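Here the structure is laid out as C-alpha cells; the discussion comes afterwards.
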Amino acid sequence: MTSVNAILAKELRSYFVSPVVYVVGAVFLLIFGVLSYLAVVNAGTQAVRMMQIQGAAAQLNLNDLVFRPTFYSAAIVILLVLPILTMRLFAEERKLRTFELLMTSPIRLNEVVIGKFLGAYLIFLGMLALTGIVPLILSVFSSFDWRPVLTGYLGLALMGALFLATGLFASALTENQIVAAFLSFGLLILVWLLGALGSVLGDNPIGNTISYLSFIEHYDRLVRGLVDTKDLIYYVSGMVLMLFLAHRVVESQRWR
Amino acid sequence: MIEVQNITKRYGDFTAIDRVTFTVDKGEVLAFLGPNGAGKTTAMRILTCFMPATEGVARVAGFDCFDQPIEVKRRIGYLPEHPPLYQELTVTEYLTFVGRIKGMGAEDLRSGLDRVMERLALGDVRHRLIANLSRGYQQRVGLAQALLHDPPVLILDEPTLGLDPKQIIEIRELIKSLAGSHTVILSTHILPEATAVCQRVVIINNGRIVAVDSPEGLSARLRQSEKIRVTVKAPPADLANRFRALPGILSVFEPTESGAFLLEYELGQDRRDELARFVVDNGWGLLELKTVSMTLEDVFLRLTQHEEGLE
C-alpha cells in the first residue's frame, strides 16, 4: 500500500508541475460552463414560450431542460479530454527509461498500475467536483430534484474511470504519447458506436449484447436517475478489465 | 552472492547472451568488459529482474531472479545505462520517491538521503529540478538512486559515463570504498577503469564470456607469447608471409602504418637477433625493433577479436 501511495504522490506531483492538468482542467471547466449556460438560456426561452401558451407560470423541470442535456454533452467532453490525462502514464516512462527504475524496484506491477490510475482519477474527480458550482448556483435561484443530478455525477465518475483505464491501457501499448492518446480516442469512440450498431441489429440477443457493451446506454439510465446494479457492474468490470489488460501488456513487454 | 548459470537470452532469432556462467563473491567488485552490443546490459537486466532469461538460472543472495524477484530487487541497487530520472522533480523529491518505492521507512529514508547527498556531493543541487542539472550531476543523481537504500549488491551499467575526469576519479574511489561491504558488478568499455577498481574482470564478446580473471591474471595468462614491433623502411609486398615463415613466429599483425609489423613468438625464445639479421641481410632497411609488453588493452582486443586463440 505504501508503494501505491508513493506512485500516486509522484503522479500527482508530475501532473501539477506540468501544464497538462491546468490546460485540460481549464478547457473542461470552460466547456462544461458554456454547455450548462446554453442549457439554462434554452430553458429560459422555453419557459417564456410556455407562459405565452398557457398564460401562467408553468412548472418547468430543470432536471429535464438543463441537467440532462448538460450531462449528455459532458460525456463527449470527457471522452475528448481524459485521454490527454492518461497518454503520458506509461508511454513517458518507457520513453525516458524511468520504467527500468520502477521494474527493478521491489514493488509489484499492479501497484504501479493502480497508483497511476488513482493519480489520474483523483485529478478527474477534482475537475468534476469543480463543476458542482453549476447545480449549486442554480439551486439558489430555482428548485430541482437533486437525486438525478447526483446519479448523473455518479455516471460521469464511473464512465470517467472506464475512460481513464482505457487510456492507461493505450498508453501501455506505445512509447509515443500522441499515438497513445489517439488509440484511446479510437477505442472509446468505437465502443460508443457499439450502441448504435446494436440498435441497427434490432431487438435480438446479438443486438442487445452489442448494445450492452456500449457505455452510453448505461450512462443514459444513470442520468435519468435510475441506479441499476447492472450498470454499476458494467463500468466497474470494464475498468478492471482495462487495468488488467494494461498490466498484461506492460508485463509482456519484459519478455520480448 | 551472485550466481549465474548458463544464462541465455534470445530476442527472436538474435541471441543477446549465450550460456553465460559466472559467480561473484560477497564484497567483490567485478567488471563486465566488452565492446558495445556485447551483451553486458542484457546480463545486468536479467540480474536485476528487469527481464527474464530465456534459459538458465540467476541467483542473487540465494534468491532466484525468476521465482523471487521482489526479494532480489530489495537487495539490489541498479544504475541503468541511461539514469532513470524524472526530469520534472527536484533531486530531493526524486530520491524521496525512489526511497519510498524501495520500501524505506521515514527514518531510514532521512539518513539515507543525507548519506548519498554527502557521498555524491549533491547537497548544493538538492532543491534544483533534475531537468536543469548538467549531465555529470544527472549521472550522480542516478548513482545516488542506486545507493540510497544501501543495498548489499550494486549493479552499475557504465557508472562513469558522461562524467569529467575529476568526477570519474571520485566515482572510482567511491566504488573502491564500497568493495568489501558491498558486492558490485559494473560494466565498462574503458579498460583502465576495470584495472583501477575491480578484482575480477569478465570479458564478454558477442554474448559469450571470453575470459574471467583478475586484471593481472589476464595479462599474465596471455603473456605465454611475447611481441616484437618491427618497422621496415622498404618492405616487399609479401613481407608478412616471409615473417610468418620464420621459425618460432606464431603470428604476424600488420598495423595501419606502412612498414610496421607486430610479430608474436613463444615465451622465452628471443628472436630479435635473428629478425634484425633477416631484415638487414635482405636490404629492406631496419628502422625500429622493440619488444612490446601486453597491456590489458591488448588482452581485450586479442580476446574480443581472436577468441579462438585464447587457450
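Residues in the C-alpha cells are numbered from 1 in each chain, the chains being A, B, ... in the order shown, and ligands are numbered from 1 in the order shown.
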
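Near chain B, within 8 Å and using only C-alpha atoms, the residues of chain A are Thr2, Ser3, Ala6, Ile7, Lys10, Ser14, Val17, Ser18, Leu96, Arg97, Thr98, Phe99, Glu100, Leu101, Leu102, Met103, Thr104, Ser105, Pro106, Ile107, Arg108, Arg254, Trp255 and Arg256 of chain A.
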
Those residues with N, CA and C atoms, as a compact mmCIF listing (two decimals), in the first residue's frame please?
# COMPACT_ATOMS: atom_id res chain seq x y z
N THR A 2 1.98 1.21 0.73
CA THR A 2 2.85 2.39 0.73
C THR A 2 3.42 2.63 -0.67
N SER A 3 3.62 1.54 -1.42
CA SER A 3 4.14 1.71 -2.78
C SER A 3 3.11 2.40 -3.66
N ALA A 6 3.21 5.93 -2.85
CA ALA A 6 4.40 6.59 -3.41
C ALA A 6 4.19 6.91 -4.88
N ILE A 7 3.66 5.93 -5.63
CA ILE A 7 3.41 6.15 -7.05
C ILE A 7 2.37 7.25 -7.23
N LYS A 10 3.74 10.68 -6.51
CA LYS A 10 4.65 11.10 -7.57
C LYS A 10 3.86 11.51 -8.82
N SER A 14 3.83 15.10 -10.60
CA SER A 14 4.18 15.29 -12.00
C SER A 14 3.07 16.00 -12.77
N VAL A 17 3.22 19.81 -11.88
CA VAL A 17 4.33 20.64 -12.36
C VAL A 17 4.30 20.75 -13.88
N SER A 18 3.46 19.97 -14.54
CA SER A 18 3.37 20.12 -15.98
C SER A 18 2.12 20.93 -16.31
N LEU A 96 11.47 7.70 -21.45
CA LEU A 96 12.55 8.27 -20.63
C LEU A 96 13.30 7.21 -19.83
N ARG A 97 12.92 5.96 -20.02
CA ARG A 97 13.60 4.83 -19.40
C ARG A 97 13.48 4.78 -17.88
N THR A 98 12.59 5.58 -17.33
CA THR A 98 12.37 5.51 -15.89
C THR A 98 11.63 4.23 -15.56
N PHE A 99 11.05 3.64 -16.58
CA PHE A 99 10.38 2.36 -16.45
C PHE A 99 11.31 1.31 -15.83
N GLU A 100 12.59 1.40 -16.20
CA GLU A 100 13.57 0.45 -15.68
C GLU A 100 13.72 0.58 -14.17
N LEU A 101 13.60 1.81 -13.68
CA LEU A 101 13.67 2.02 -12.23
C LEU A 101 12.47 1.35 -11.55
N LEU A 102 11.28 1.58 -12.10
CA LEU A 102 10.07 1.00 -11.49
C LEU A 102 10.14 -0.52 -11.48
N MET A 103 10.60 -1.08 -12.61
CA MET A 103 10.57 -2.53 -12.74
C MET A 103 11.71 -3.23 -12.01
N THR A 104 12.69 -2.47 -11.53
CA THR A 104 13.75 -3.11 -10.75
C THR A 104 13.66 -2.72 -9.28
N SER A 105 12.54 -2.08 -8.92
CA SER A 105 12.31 -1.77 -7.51
C SER A 105 11.40 -2.84 -6.93
N PRO A 106 11.51 -3.05 -5.63
CA PRO A 106 10.70 -4.12 -5.01
C PRO A 106 9.22 -3.74 -4.88
N ILE A 107 8.61 -3.42 -6.00
CA ILE A 107 7.17 -3.16 -5.99
C ILE A 107 6.55 -4.03 -7.07
N ARG A 108 5.24 -4.26 -6.93
CA ARG A 108 4.58 -5.10 -7.91
C ARG A 108 3.99 -4.24 -9.02
N ARG A 254 8.33 -7.11 -21.03
CA ARG A 254 9.59 -7.55 -20.43
C ARG A 254 10.07 -8.85 -21.07
N TRP A 255 9.17 -9.57 -21.71
CA TRP A 255 9.53 -10.88 -22.23
C TRP A 255 10.06 -10.84 -23.63
N ARG A 256 10.03 -9.64 -24.23
CA ARG A 256 10.46 -9.60 -25.62
C ARG A 256 11.95 -9.31 -25.71

Find the residues near segment 209-223 of chain A: any atom within 7 Å, counting only C-alpha atoms, skip ones fewer than 6 places away on the same chain, and give them as a ChimeraX atom specification.
/A:68,148,151-152,155,191-192,194-195,198-199,231

Put those residues in a file: C-alpha atoms, as an mmCIF file, in the first residue's frame.
data_model
loop_
_atom_site.group_PDB
_atom_site.id
_atom_site.type_symbol
_atom_site.label_atom_id
_atom_site.label_comp_id
_atom_site.auth_asym_id
_atom_site.auth_seq_id
_atom_site.Cartn_x
_atom_site.Cartn_y
_atom_site.Cartn_z
ATOM 1 C CA ARG A 68 -29.854 16.080 -18.730
ATOM 2 C CA PRO A 148 -30.923 12.670 -10.722
ATOM 3 C CA THR A 151 -26.771 9.969 -10.144
ATOM 4 C CA GLY A 152 -25.668 11.901 -13.245
ATOM 5 C CA GLY A 155 -22.473 8.199 -14.058
ATOM 6 C CA VAL A 191 -17.136 1.258 -28.053
ATOM 7 C CA TRP A 192 -19.530 4.203 -28.032
ATOM 8 C CA LEU A 194 -21.469 -0.216 -30.474
ATOM 9 C CA GLY A 195 -24.688 1.220 -29.026
ATOM 10 C CA GLY A 198 -26.679 -2.806 -31.566
ATOM 11 C CA SER A 199 -29.889 -0.927 -32.326
ATOM 12 C CA ASP A 231 -24.909 -0.555 -14.930
#

Could you give me, as JSON, numbers by chain, each residue of segment 39-188 of chain A that DSSP assigns to alpha helix (DSSP H) when run on this structure's backbone?
{"A": [39, 40, 41, 42, 43, 44, 45, 46, 47, 48, 49, 50, 51, 52, 53, 54, 62, 68, 69, 70, 71, 72, 73, 74, 75, 76, 77, 78, 79, 80, 81, 82, 83, 84, 85, 86, 88, 89, 90, 91, 92, 93, 94, 95, 99, 100, 101, 102, 103, 109, 110, 111, 112, 113, 114, 115, 116, 117, 118, 119, 120, 121, 122, 123, 124, 125, 126, 127, 128, 129, 130, 131, 133, 134, 135, 136, 137, 138, 139, 140, 141, 146, 147, 148, 149, 150, 151, 152, 153, 154, 155, 156, 157, 158, 159, 160, 161, 162, 163, 164, 165, 166, 167, 168, 169, 170, 171, 172, 173, 177, 178, 179, 180, 181, 182, 183, 184, 185, 186, 187, 188]}

Quick one: everything within 10 Å of segment 195-211 of chain B, counting only C-alpha atoms, minus sequence neighbours fewer than 3 positions away in the same chain. Send it as a PyMOL selection string.
chain B and resi 8-9+15-22+24+28-40+42-43+169+171-177+179+184-187+189-192+214-218+296+299-300+303-308+310

Take the residues from that selection and put them in a file with C-alpha atoms, as a PDB file, in the first residue's frame.
ATOM      1  CA  THR B   8      20.816 -17.413 -22.394  1.00  0.00           C
ATOM      2  CA  LYS B   9      18.704 -14.567 -23.698  1.00  0.00           C
ATOM      3  CA  THR B  15      20.963 -14.351 -29.223  1.00  0.00           C
ATOM      4  CA  ALA B  16      21.999 -11.488 -26.977  1.00  0.00           C
ATOM      5  CA  ILE B  17      23.826 -13.633 -24.449  1.00  0.00           C
ATOM      6  CA  ASP B  18      24.686 -17.248 -24.827  1.00  0.00           C
ATOM      7  CA  ARG B  19      25.177 -19.708 -21.942  1.00  0.00           C
ATOM      8  CA  VAL B  20      26.850 -17.248 -19.621  1.00  0.00           C
ATOM      9  CA  THR B  21      28.068 -18.629 -16.305  1.00  0.00           C
ATOM     10  CA  PHE B  22      29.897 -16.822 -13.530  1.00  0.00           C
ATOM     11  CA  VAL B  24      30.574 -13.121  -7.709  1.00  0.00           C
ATOM     12  CA  GLU B  28      33.908  -8.438  -4.597  1.00  0.00           C
ATOM     13  CA  VAL B  29      33.989  -5.849  -7.376  1.00  0.00           C
ATOM     14  CA  LEU B  30      33.572  -7.410 -10.787  1.00  0.00           C
ATOM     15  CA  ALA B  31      33.746  -5.675 -14.140  1.00  0.00           C
ATOM     16  CA  PHE B  32      31.948  -6.649 -17.305  1.00  0.00           C
ATOM     17  CA  LEU B  33      34.183  -5.643 -20.089  1.00  0.00           C
ATOM     18  CA  GLY B  34      33.226  -5.807 -23.701  1.00  0.00           C
ATOM     19  CA  PRO B  35      32.554  -3.809 -26.824  1.00  0.00           C
ATOM     20  CA  ASN B  36      29.191  -2.119 -27.282  1.00  0.00           C
ATOM     21  CA  GLY B  37      26.459  -4.618 -28.000  1.00  0.00           C
ATOM     22  CA  ALA B  38      28.346  -7.486 -26.378  1.00  0.00           C
ATOM     23  CA  GLY B  39      25.503  -8.334 -24.001  1.00  0.00           C
ATOM     24  CA  LYS B  40      26.626  -6.539 -20.848  1.00  0.00           C
ATOM     25  CA  THR B  42      21.296  -7.720 -21.132  1.00  0.00           C
ATOM     26  CA  ALA B  43      23.137  -9.683 -18.440  1.00  0.00           C
ATOM     27  CA  ILE B 169      38.248   9.544 -10.248  1.00  0.00           C
ATOM     28  CA  ILE B 171      33.332   7.799  -8.582  1.00  0.00           C
ATOM     29  CA  ARG B 172      36.052   5.170  -8.877  1.00  0.00           C
ATOM     30  CA  GLU B 173      37.172   5.985  -5.357  1.00  0.00           C
ATOM     31  CA  LEU B 174      33.569   5.662  -4.254  1.00  0.00           C
ATOM     32  CA  ILE B 175      33.239   2.240  -5.881  1.00  0.00           C
ATOM     33  CA  LYS B 176      36.511   1.102  -4.338  1.00  0.00           C
ATOM     34  CA  SER B 177      35.288   2.206  -0.932  1.00  0.00           C
ATOM     35  CA  ALA B 179      34.261  -3.067  -2.023  1.00  0.00           C
ATOM     36  CA  VAL B 184      29.479  -4.711  -7.087  1.00  0.00           C
ATOM     37  CA  ILE B 185      29.112  -5.541 -10.759  1.00  0.00           C
ATOM     38  CA  LEU B 186      29.924  -2.746 -13.122  1.00  0.00           C
ATOM     39  CA  SER B 187      30.110  -2.670 -16.856  1.00  0.00           C
ATOM     40  CA  HIS B 189      34.286  -0.457 -22.110  1.00  0.00           C
ATOM     41  CA  ILE B 190      37.043   1.654 -20.607  1.00  0.00           C
ATOM     42  CA  LEU B 191      39.891  -0.689 -19.717  1.00  0.00           C
ATOM     43  CA  PRO B 192      41.793   1.401 -17.172  1.00  0.00           C
ATOM     44  CA  SER B 214      41.903 -10.687 -12.348  1.00  0.00           C
ATOM     45  CA  PRO B 215      43.318  -7.865 -14.479  1.00  0.00           C
ATOM     46  CA  GLU B 216      46.865  -9.061 -13.679  1.00  0.00           C
ATOM     47  CA  GLY B 217      45.954 -12.672 -14.266  1.00  0.00           C
ATOM     48  CA  LEU B 218      44.522 -11.891 -17.649  1.00  0.00           C
ATOM     49  CA  LEU B 296      45.044  -5.037 -20.652  1.00  0.00           C
ATOM     50  CA  VAL B 299      44.384  -8.563 -23.943  1.00  0.00           C
ATOM     51  CA  PHE B 300      40.981  -7.138 -24.543  1.00  0.00           C
ATOM     52  CA  LEU B 303      40.165 -11.743 -26.736  1.00  0.00           C
ATOM     53  CA  THR B 304      37.369  -9.921 -28.463  1.00  0.00           C
ATOM     54  CA  GLN B 305      38.839 -10.169 -31.947  1.00  0.00           C
ATOM     55  CA  HIS B 306      40.590 -13.527 -31.870  1.00  0.00           C
ATOM     56  CA  GLU B 307      38.686 -15.543 -29.329  1.00  0.00           C
ATOM     57  CA  GLU B 308      39.843 -18.847 -30.728  1.00  0.00           C
ATOM     58  CA  LEU B 310      42.988 -17.830 -26.224  1.00  0.00           C
TER      59      LEU B 310
END

Selected residue, from A:Leu12, A:Val149, A:Leu125, A:Val112, that lies nearest to Val66 of chain A when counting only C-alpha atoms:
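For Val66 of chain A, the nearest of the given residues is A:Val149.
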
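Shortest atom-to-atom contact with Phe163 of chain A among A:Val81, A:Ser139, A:Phe71, A:Asn204: A:Val81, counting only C-alpha atoms.
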